[in-house]
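Pasting upload_20.cif here (mmCIF, C-alpha atoms and all ligand atoms):
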```
data_structure
#
loop_
_atom_site.label_atom_id
_atom_site.label_comp_id
_atom_site.auth_asym_id
_atom_site.auth_seq_id
_atom_site.Cartn_x
_atom_site.Cartn_y
_atom_site.Cartn_z
CA MET A 123 0.00 0.00 0.00
CA GLU A 124 1.46 3.34 -0.96
CA GLN A 125 1.31 6.59 0.93
CA ASN A 126 -0.01 9.59 -0.94
CA ASP A 127 2.58 12.33 -1.14
CA ASN A 128 2.04 16.09 -0.93
CA THR A 129 1.00 16.54 -4.50
CA ASN A 130 -2.04 14.45 -3.76
CA ASN A 131 -3.16 16.26 -0.65
CA GLU A 132 -6.57 17.17 -2.01
CA ASN A 133 -7.20 13.67 -3.13
CA GLU A 134 -6.14 12.21 0.15
CA LYS A 135 -8.60 14.37 2.03
CA THR A 136 -11.45 13.31 -0.17
CA ILE A 137 -10.58 9.69 0.30
CA LYS A 138 -10.25 10.06 4.02
CA ASN A 139 -13.59 11.81 4.33
CA ASP A 140 -15.25 9.16 2.27
CA VAL A 141 -14.73 6.46 4.84
CA ASP A 142 -15.25 6.56 8.57
CA CYS A 143 -13.77 4.39 11.30
CA ASP A 144 -16.99 2.48 11.90
CA GLU A 145 -17.12 1.37 8.33
CA VAL A 146 -13.47 0.31 8.36
CA ILE A 147 -13.82 -1.67 11.57
CA ARG A 148 -16.95 -3.33 10.23
CA LYS A 149 -15.13 -4.42 7.11
CA LEU A 150 -11.75 -5.34 8.61
CA ASN A 151 -12.28 -9.08 8.34
CA MET A 152 -13.57 -8.86 4.82
CA ILE A 153 -10.48 -6.88 3.87
CA LEU A 154 -8.22 -9.51 5.41
CA ASP A 155 -10.22 -12.31 3.80
CA GLY A 156 -9.77 -10.64 0.42
CA GLU A 157 -13.52 -10.20 -0.01
CA ILE A 158 -13.63 -6.48 -0.80
CA ALA A 159 -13.53 -5.20 -4.36
CA LYS A 160 -10.22 -3.63 -5.35
CA GLU A 161 -11.40 -0.05 -5.60
CA GLU A 162 -13.16 -0.03 -2.23
CA GLU A 163 -10.27 -1.89 -0.66
CA THR A 164 -7.85 0.83 -1.75
CA LYS A 165 -10.04 3.47 -0.10
CA LEU A 166 -10.30 1.50 3.13
CA LEU A 167 -6.57 0.80 3.23
CA HIS A 168 -5.82 4.49 2.75
CA HIS A 169 -7.92 5.26 5.78
CA ILE A 170 -6.22 2.53 7.79
CA ASP A 171 -2.83 3.94 6.87
CA ASP A 172 -3.77 7.33 8.25
CA CYS A 173 -5.72 6.30 11.30
CA ASN A 174 -3.91 4.91 14.33
CA ASN A 175 -6.94 3.31 15.87
CA CYS A 176 -7.97 1.47 12.71
CA LEU A 177 -4.39 0.51 11.99
CA GLU A 178 -4.08 -1.07 15.41
CA GLN A 179 -7.31 -3.03 15.01
CA TYR A 180 -6.18 -4.06 11.57
CA HIS A 181 -2.96 -5.50 12.97
CA ILE A 182 -4.79 -7.35 15.73
CA GLU A 183 -7.17 -8.99 13.27
CA LYS A 184 -4.34 -9.74 10.91
CA SER A 185 -2.15 -11.40 13.50
CA PHE A 186 -5.12 -13.38 14.80
CA LYS A 187 -5.84 -14.73 11.34
CA GLU A 188 -2.17 -15.58 10.87
CA LEU A 189 -2.09 -17.28 14.24
CA LEU A 190 -5.03 -19.53 13.35
CA LYS A 191 -3.48 -20.48 10.07
CA SER A 192 -0.06 -21.22 11.48
CA LYS A 193 -1.37 -23.31 14.39
CA LEU A 194 -4.07 -25.27 12.59
CA GLN A 195 -2.63 -26.16 9.20
CA ASN A 196 -0.36 -28.83 7.80
CA LEU A 197 -1.11 -32.14 9.42
CA SER A 198 0.03 -35.08 7.32
CA VAL A 199 -1.54 -38.41 6.49
CA SER A 200 0.36 -41.64 6.82
CA VAL A 201 1.91 -43.20 3.75
CA SER A 202 -0.19 -46.29 4.41
CA LEU A 203 -3.44 -44.35 4.00
CA ILE A 204 -2.37 -43.04 0.61
CA GLN A 205 -1.38 -46.54 -0.43
CA SER A 206 -4.64 -47.98 0.81
CA ILE A 207 -6.64 -45.47 -1.22
CA LYS A 208 -4.56 -46.12 -4.34
CA ASP A 209 -4.96 -49.87 -3.96
CA LYS A 210 -8.71 -49.64 -3.59
CA ILE A 211 -9.00 -47.44 -6.66
CA LYS A 212 -6.86 -49.75 -8.77
CA GLY A 213 -9.20 -52.59 -7.94
CA LYS A 214 -12.26 -50.75 -9.22
CA SER A 215 -13.49 -51.18 -12.77
CA MET D 126 2.55 -46.51 11.91
CA LYS D 127 -0.94 -47.89 12.45
CA ASP D 128 -1.41 -51.38 13.82
CA LYS D 129 -2.90 -53.92 11.51
CA LYS D 130 -6.14 -54.40 13.35
CA ASN D 131 -6.99 -50.74 12.91
CA THR D 132 -6.37 -50.81 9.22
CA GLU D 133 -8.57 -53.87 8.72
CA HIS D 134 -11.29 -52.27 10.72
CA LYS D 135 -11.07 -49.18 8.61
CA GLU D 136 -11.23 -51.07 5.35
CA LYS D 137 -14.30 -52.88 6.48
CA ASN D 138 -15.98 -49.64 7.42
CA THR D 139 -15.31 -48.03 4.11
CA LYS D 140 -16.43 -51.12 2.24
CA ASP D 141 -19.71 -51.11 4.12
CA ILE D 142 -20.27 -47.49 3.26
CA LEU D 143 -19.56 -48.06 -0.41
CA ASP D 144 -21.71 -51.15 -0.56
CA THR D 145 -24.59 -49.32 0.98
CA SER D 146 -24.40 -46.54 -1.52
CA GLN D 147 -24.08 -48.89 -4.46
CA ASN D 148 -26.98 -51.12 -3.55
CA ASN D 149 -29.35 -48.54 -2.34
CA ASN D 150 -29.46 -45.34 -4.31
CA ALA D 151 -32.80 -44.40 -2.80
CA ASP D 152 -31.08 -44.10 0.55
CA ILE D 153 -28.58 -41.67 -0.87
CA GLU D 154 -31.34 -39.51 -2.28
CA ASN D 155 -33.04 -39.42 1.09
CA GLU D 156 -29.88 -38.47 2.88
CA ASN D 157 -29.64 -35.30 0.90
CA SER D 158 -26.06 -34.58 2.02
CA ASP D 159 -24.57 -36.68 -0.75
CA SER D 160 -27.24 -36.26 -3.34
CA PHE D 161 -25.37 -33.49 -5.10
CA LEU D 162 -22.95 -36.15 -6.30
CA GLU D 163 -25.77 -38.03 -8.00
CA LYS D 164 -27.43 -34.97 -9.44
CA GLU D 165 -24.31 -33.54 -11.00
CA ILE D 166 -23.33 -36.69 -12.82
CA LYS D 167 -22.48 -36.25 -16.48
CA PRO D 168 -21.73 -38.75 -19.22
CA ILE D 169 -18.08 -39.69 -19.06
CA THR D 170 -15.97 -40.66 -22.05
CA LEU D 171 -12.66 -41.29 -20.33
CA SER D 172 -11.06 -44.68 -19.89
CA LYS D 173 -10.25 -46.00 -16.44
CA GLU D 174 -6.58 -45.28 -17.10
CA GLU D 175 -7.32 -41.68 -17.96
CA ILE D 176 -9.53 -41.24 -14.92
CA ASP D 177 -6.86 -42.74 -12.69
CA ILE D 178 -4.27 -40.31 -14.00
CA ILE D 179 -6.50 -37.27 -13.49
CA PHE D 180 -7.46 -38.56 -10.08
CA GLU D 181 -3.86 -38.88 -9.02
CA LYS D 182 -2.90 -35.53 -10.45
CA GLU D 183 -5.84 -33.41 -9.34
CA MET D 184 -7.34 -35.14 -6.33
CA LEU D 185 -4.65 -36.90 -4.35
CA PRO D 186 -2.37 -33.87 -3.90
CA HIS D 187 -5.02 -32.38 -1.56
CA ILE D 188 -4.86 -35.31 0.84
CA ASN D 189 -2.92 -33.59 3.62
CA ALA D 190 -5.20 -30.57 3.59
CA LEU D 191 -8.23 -32.86 3.67
CA TYR D 192 -6.76 -34.84 6.51
CA THR D 193 -6.11 -31.64 8.46
CA PHE D 194 -9.75 -30.65 7.99
CA ALA D 195 -10.94 -34.17 8.87
CA PHE D 196 -8.85 -34.22 12.02
CA ARG D 197 -10.22 -30.85 13.15
CA LEU D 198 -13.75 -32.16 12.63
CA THR D 199 -13.30 -35.53 14.33
CA ASN D 200 -10.51 -34.81 16.81
CA ASN D 201 -9.35 -38.37 16.32
CA GLU D 202 -6.70 -39.82 14.00
CA ASP D 203 -8.52 -43.02 13.10
CA ASP D 204 -11.81 -41.25 12.39
CA ALA D 205 -9.95 -38.68 10.33
CA ASN D 206 -8.25 -41.42 8.30
CA ASP D 207 -11.60 -43.14 7.72
CA LEU D 208 -13.18 -39.90 6.66
CA VAL D 209 -10.41 -39.07 4.21
CA GLN D 210 -10.54 -42.54 2.70
CA GLU D 211 -14.30 -42.45 2.41
CA THR D 212 -14.04 -39.05 0.72
CA TYR D 213 -11.57 -40.25 -1.89
CA LEU D 214 -13.49 -43.42 -2.65
CA LYS D 215 -16.68 -41.44 -3.12
CA ALA D 216 -14.84 -38.90 -5.25
CA TYR D 217 -13.60 -41.75 -7.41
CA ARG D 218 -16.96 -43.45 -7.63
CA PHE D 219 -18.67 -40.21 -8.55
CA PHE D 220 -15.85 -38.89 -10.68
CA ALA D 221 -18.36 -38.21 -13.46
CA SER D 222 -19.99 -35.52 -11.36
CA TYR D 223 -16.73 -33.60 -11.07
CA GLU D 224 -16.47 -30.92 -13.69
CA GLN D 225 -12.90 -30.97 -14.88
CA GLY D 226 -10.98 -27.73 -14.62
CA THR D 227 -13.13 -26.56 -11.71
CA ASN D 228 -11.92 -26.44 -8.14
CA ALA D 229 -11.10 -30.05 -7.26
CA LYS D 230 -10.12 -29.12 -3.73
CA ALA D 231 -13.45 -27.43 -2.99
CA TRP D 232 -15.29 -30.41 -4.45
CA LEU D 233 -13.39 -32.82 -2.19
CA TYR D 234 -14.03 -30.65 0.85
CA ARG D 235 -17.72 -30.68 0.07
CA ILE D 236 -17.76 -34.47 -0.11
CA LEU D 237 -15.79 -34.76 3.11
CA LYS D 238 -17.99 -32.32 4.97
CA ASN D 239 -21.17 -34.10 3.83
CA SER D 240 -19.74 -37.51 4.65
CA PHE D 241 -18.88 -36.34 8.12
CA ILE D 242 -22.41 -35.05 8.68
CA ASN D 243 -23.95 -38.26 7.30
CA ASN D 244 -21.80 -40.42 9.52
CA TYR D 245 -22.57 -38.68 12.71
CA ARG D 246 -26.20 -38.30 11.85
CA LYS D 247 -26.27 -42.09 11.52
CA GLN D 248 -24.60 -42.52 14.86
CA SER D 249 -26.72 -39.65 16.18
CA LYS D 250 -23.79 -38.14 17.93
CA GLU D 251 -21.63 -35.17 17.24
CA PRO D 252 -18.15 -35.31 18.71
CA ASN D 253 -17.44 -32.47 21.10
CA LYS D 254 -20.72 -30.81 20.46
CA ILE D 255 -21.38 -27.72 22.48
CA ASP D 256 -24.68 -26.03 22.08
CA TYR D 257 -24.08 -22.62 20.58
CA GLU D 258 -26.31 -20.72 23.00
CA GLU D 259 -24.60 -22.42 25.87
CA ALA D 260 -21.18 -21.67 24.50
CA GLU D 261 -21.99 -18.04 24.00
CA THR D 262 -23.34 -17.65 27.51
CA ILE D 263 -20.18 -19.11 28.95
CA PHE D 264 -17.94 -16.86 26.90
CA HIS D 265 -19.89 -13.75 27.71
CA SER D 266 -20.01 -14.39 31.40
CA GLU D 267 -16.27 -14.84 31.41
CA LYS D 268 -15.60 -11.70 29.48
CA ASN D 269 -15.99 -9.56 32.59
CA ASN D 270 -12.74 -10.86 33.91
CA TYR D 271 -10.66 -8.95 31.40
CA ASN D 272 -9.21 -5.56 31.95
CA PRO D 273 -9.78 -3.49 28.86
CA THR D 274 -6.44 -1.83 28.25
CA ASP D 275 -4.55 -0.49 25.30
CA SER D 276 -4.47 -3.17 22.66
CA ARG D 277 -1.32 -4.80 21.43
CA ASP D 278 -1.12 -6.74 18.24
CA LYS D 279 1.21 -9.21 19.89
CA VAL D 280 -1.43 -10.40 22.31
CA PHE D 281 -1.88 -13.76 20.65
CA LYS D 282 1.65 -14.35 19.49
CA GLY D 283 2.75 -16.36 22.48
CA LEU D 284 -0.06 -18.91 22.31
CA LEU D 285 0.83 -22.52 21.87
CA GLY D 286 -0.55 -24.62 19.05
CA ASP D 287 -2.43 -26.88 21.44
CA GLU D 288 -4.32 -24.00 22.96
CA VAL D 289 -5.44 -22.85 19.56
CA SER D 290 -6.55 -26.28 18.41
CA ASN D 291 -8.29 -27.01 21.72
CA ALA D 292 -10.16 -23.75 21.46
CA LEU D 293 -11.16 -24.62 17.90
CA MET D 294 -12.34 -28.07 19.00
CA ALA D 295 -14.62 -26.46 21.56
CA LEU D 296 -16.47 -24.49 18.90
CA PRO D 297 -19.76 -25.80 17.54
CA LEU D 298 -19.36 -27.57 14.20
CA ASP D 299 -20.77 -24.79 12.00
CA PHE D 300 -18.31 -22.25 13.34
CA LYS D 301 -15.33 -24.55 13.40
CA THR D 302 -15.97 -25.49 9.78
CA VAL D 303 -16.03 -21.98 8.33
CA ILE D 304 -12.92 -20.98 10.28
CA MET D 305 -11.01 -23.96 8.93
CA LEU D 306 -12.19 -23.25 5.41
CA CYS D 307 -11.50 -19.51 5.50
CA ASP D 308 -8.59 -18.91 7.83
CA VAL D 309 -6.66 -22.11 7.33
CA GLU D 310 -7.46 -23.11 3.76
CA GLY D 311 -8.11 -19.69 2.28
CA PHE D 312 -11.30 -20.55 0.41
CA THR D 313 -13.38 -17.55 -0.71
CA TYR D 314 -16.74 -16.89 0.93
CA GLU D 315 -18.39 -18.06 -2.25
CA GLU D 316 -16.53 -21.36 -2.23
CA ILE D 317 -17.29 -21.85 1.45
CA ALA D 318 -20.97 -21.16 0.85
CA LYS D 319 -20.96 -23.95 -1.71
CA ILE D 320 -19.04 -26.39 0.45
CA VAL D 321 -21.29 -25.95 3.47
CA ASP D 322 -24.46 -25.27 1.50
CA THR D 323 -25.51 -21.97 3.02
CA PRO D 324 -25.92 -18.39 1.74
CA ILE D 325 -22.81 -16.19 1.77
CA GLY D 326 -24.36 -13.96 4.47
CA THR D 327 -24.49 -16.96 6.77
CA VAL D 328 -20.86 -17.79 6.05
CA ARG D 329 -19.92 -14.25 6.97
CA SER D 330 -21.87 -14.25 10.21
CA ARG D 331 -20.57 -17.67 11.25
CA LEU D 332 -17.02 -16.50 10.61
CA HIS D 333 -17.60 -13.44 12.68
CA ARG D 334 -19.15 -15.24 15.63
CA GLY D 335 -16.72 -18.14 15.47
CA ARG D 336 -13.70 -15.86 15.49
CA LYS D 337 -15.18 -13.87 18.31
CA MET D 338 -15.68 -16.97 20.44
CA LEU D 339 -12.19 -18.21 19.63
CA LYS D 340 -10.68 -14.87 20.45
CA GLU D 341 -12.43 -14.75 23.78
CA MET D 342 -11.29 -18.23 24.70
CA LEU D 343 -7.72 -17.49 23.67
CA ALA D 344 -7.68 -14.05 25.24
CA LYS D 345 -8.68 -15.63 28.50
CA TYR D 346 -5.84 -18.06 28.16
CA ALA D 347 -3.43 -15.27 27.21
CA ALA D 348 -4.54 -13.27 30.22
CA SER D 349 -3.80 -16.23 32.45
CA LEU D 350 -0.25 -16.13 31.09
CA GLY D 351 0.04 -12.46 31.92
CA TYR D 352 -0.46 -10.99 28.47
CA ASP D 353 -2.11 -7.65 28.06
CA VAL D 354 -5.56 -8.42 26.79
CA SER D 355 -7.47 -5.86 24.85
CA ASP D 356 -11.16 -5.32 24.67
CA GLN D 357 -11.57 -5.43 20.95
CA LYS D 358 -13.89 -3.27 19.02
CA SER D 359 -16.47 -5.65 17.69
CA GLU D 360 -19.81 -4.03 18.37
CA ASN D 361 -19.94 -2.51 14.91
CA GLN D 362 -19.17 -5.83 13.36
CA ASP D 363 -22.06 -7.35 15.24
CA GLU D 364 -24.42 -4.96 13.55
CA GLU D 365 -23.03 -5.81 10.17
CA VAL D 366 -23.53 -9.47 10.92
CA LYS D 367 -27.15 -8.95 11.87
CA ASN D 368 -27.70 -7.24 8.55
CA SER D 369 -25.90 -9.83 6.53
CA GLU D 370 -27.85 -12.68 8.05
CA THR D 371 -31.04 -11.47 6.47
CA ASN D 372 -29.49 -11.62 2.99
ZN ZN Q 1 -10.19 4.97 11.55
#
```
What would you get if you wrote out this structure as structure tokens?
Amino acid sequence: MEQNDNTNNENEKTIKNDVDCDEVIRKLNMILDGEIAKEEETKLLHHIDDCNNCLEQYHIEKSFKELLKSKLQNLSVSVSLIQSIKDKIKGKS
Amino acid sequence: MKDKKNTEHKEKNTKDILDTSQNNNADIENENSDSFLEKEIKPITLSKEEIDIIFEKEMLPHINALYTFAFRLTNNEDDANDLVQETYLKAYRFFASYEQGTNAKAWLYRILKNSFINNYRKQSKEPNKIDYEEAETIFHSEKNNYNPTDSRDKVFKGLLGDEVSNALMALPLDFKTVIMLCDVEGFTYEEIAKIVDTPIGTVRSRLHRGRKMLKEMLAKYAASLGYDVSDQKSENQDEEVKNSETN
């Protein structure tokens, strides 16, 4: 996400006024889940960049999602299960 | 390594399941969980060799992810193995209802999820079931113990894997499922809606409530370890969820 520089000050204001904190907080999870359309997402992320409170909430939600993924993924089946499935399938006509 | 007895037992189970479905299609129709496999069947022009190749290339690579999901649903290695095997044998048997080039992984997850529901409906028991209302009451009554302070994004970082998976296990099935599908597997809301057969609004609200319950359980644990626990802003999200449920 890129920060608007001074030449875009006007623009930045418009964007910021477009979105309020309530809306951002409401949509935080959808942002993190990648469920917000690109254009709206850009607006919301601009707000988050400029707003300490939203940024903090954003990081909390983000690290929670990452925690779940890292702790719950990647179990492995035994080789014998794979073999058993393959054998059964071979036997079918 | 599994002992031999277990494996034999498993094979017998799966065989029974397959036999039932082959001999009694009416039963499958009645148990609507699997009926999508029957309905979506299309004429197939591939040879067994070709099917086997596609099956190995497109279906089998998802086996570890499926096992992870199965284990989170059953909380038991043997049951998870059975469920994965049953899923693959059904997928093979109903290969004609798989539309090639579409999301094989989502299709397999749908079969696994429905098989799991069928199996425990038959046994009329759900492992680790906690009534949602009950769960929510417990979590809310415990919430008062936290000190709302400045939030830190590192709050959850120190949690052990076991605590996270135990907390997940304690969630009611509907919530556990969407969290696995979204946060662990990265399916889109649309894909999840298809896998669990609900509207997208329901997926969204289950995700929201499930995460909230998980967070509260884990925050309590974190607090017991001396972490700073924040009172997170979620009231607005609750409103959103109410709205989305009516969609
Ligand atoms: Zn804000």
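In this structure, CA of Ala159 (chain A) sits 29.6 Å away from CA of Leu293 (chain D).
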Between CA of Lys230 (chain D) and CA of Pro186 (chain D) - distance in Å to one decimal: 9.1 Å
Check: which chain A residues lie within 9 Å of chain D using only C-alpha atoms, as a ChimeraX atom specification: /A:144-145,147-152,155-157,178-204,206-208,210-212,214-215
Would you output that residue set with C-alpha atoms, as a tab-separated table (two decimals), in the frame of the given file?
```tsv
chain	number	residue	atom	x	y	z
A	144	ASP	CA	-16.99	2.48	11.90
A	145	GLU	CA	-17.12	1.37	8.33
A	147	ILE	CA	-13.82	-1.67	11.57
A	148	ARG	CA	-16.95	-3.33	10.23
A	149	LYS	CA	-15.13	-4.42	7.11
A	150	LEU	CA	-11.75	-5.34	8.61
A	151	ASN	CA	-12.28	-9.08	8.34
A	152	MET	CA	-13.57	-8.86	4.82
A	155	ASP	CA	-10.22	-12.31	3.80
A	156	GLY	CA	-9.77	-10.64	0.42
A	157	GLU	CA	-13.52	-10.20	-0.01
A	178	GLU	CA	-4.08	-1.07	15.41
A	179	GLN	CA	-7.31	-3.03	15.01
A	180	TYR	CA	-6.18	-4.06	11.57
A	181	HIS	CA	-2.96	-5.50	12.97
A	182	ILE	CA	-4.79	-7.35	15.73
A	183	GLU	CA	-7.17	-8.99	13.27
A	184	LYS	CA	-4.34	-9.74	10.91
A	185	SER	CA	-2.15	-11.40	13.50
A	186	PHE	CA	-5.12	-13.38	14.80
A	187	LYS	CA	-5.84	-14.73	11.34
A	188	GLU	CA	-2.17	-15.58	10.87
A	189	LEU	CA	-2.09	-17.28	14.24
A	190	LEU	CA	-5.03	-19.53	13.35
A	191	LYS	CA	-3.48	-20.48	10.07
A	192	SER	CA	-0.06	-21.22	11.48
A	193	LYS	CA	-1.37	-23.31	14.39
A	194	LEU	CA	-4.07	-25.27	12.59
A	195	GLN	CA	-2.63	-26.16	9.20
A	196	ASN	CA	-0.36	-28.83	7.80
A	197	LEU	CA	-1.11	-32.14	9.42
A	198	SER	CA	0.03	-35.08	7.32
A	199	VAL	CA	-1.54	-38.41	6.49
A	200	SER	CA	0.36	-41.64	6.82
A	201	VAL	CA	1.91	-43.20	3.75
A	202	SER	CA	-0.19	-46.29	4.41
A	203	LEU	CA	-3.44	-44.35	4.00
A	204	ILE	CA	-2.37	-43.04	0.61
A	206	SER	CA	-4.64	-47.98	0.81
A	207	ILE	CA	-6.64	-45.47	-1.22
A	208	LYS	CA	-4.56	-46.12	-4.34
A	210	LYS	CA	-8.71	-49.64	-3.59
A	211	ILE	CA	-9.00	-47.44	-6.66
A	212	LYS	CA	-6.86	-49.75	-8.77
A	214	LYS	CA	-12.26	-50.75	-9.22
A	215	SER	CA	-13.49	-51.18	-12.77
```
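Among the candidates A:Asp172, A:Asp209, A:Glu162, A:Asp140, the one nearest to ligand ZN 1 (chain Q) when counting only C-alpha atoms and all ligand atoms is A:Asp172.
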Site check for ligand ZN 1 (chain Q): residues at most 8 Å away, all atoms listed in the file, as a ChimeraX atom specification: /A:142-144,146-147,169-170,172-177
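Atom pair CA of Ala216 (chain D) / CA of Ala295 (chain D): separated by 29.6 Å.
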Which of D:Asn228, D:Asn244, D:Ser160, D:Thr170 sits closest to Glu316 (chain D) [using all atoms listed in the file]: D:Asn228
The centre and edge lengths of an axis-aligned box containing all atoms of region 225-242 of chain D present in the file, extended by 4 Å on each side, are to be given in Å to one decimal, as JSON.
```
{"center_x": -16.3, "center_y": -32.0, "center_z": -3.1, "size_x": 20.3, "size_y": 19.1, "size_z": 31.6}
```
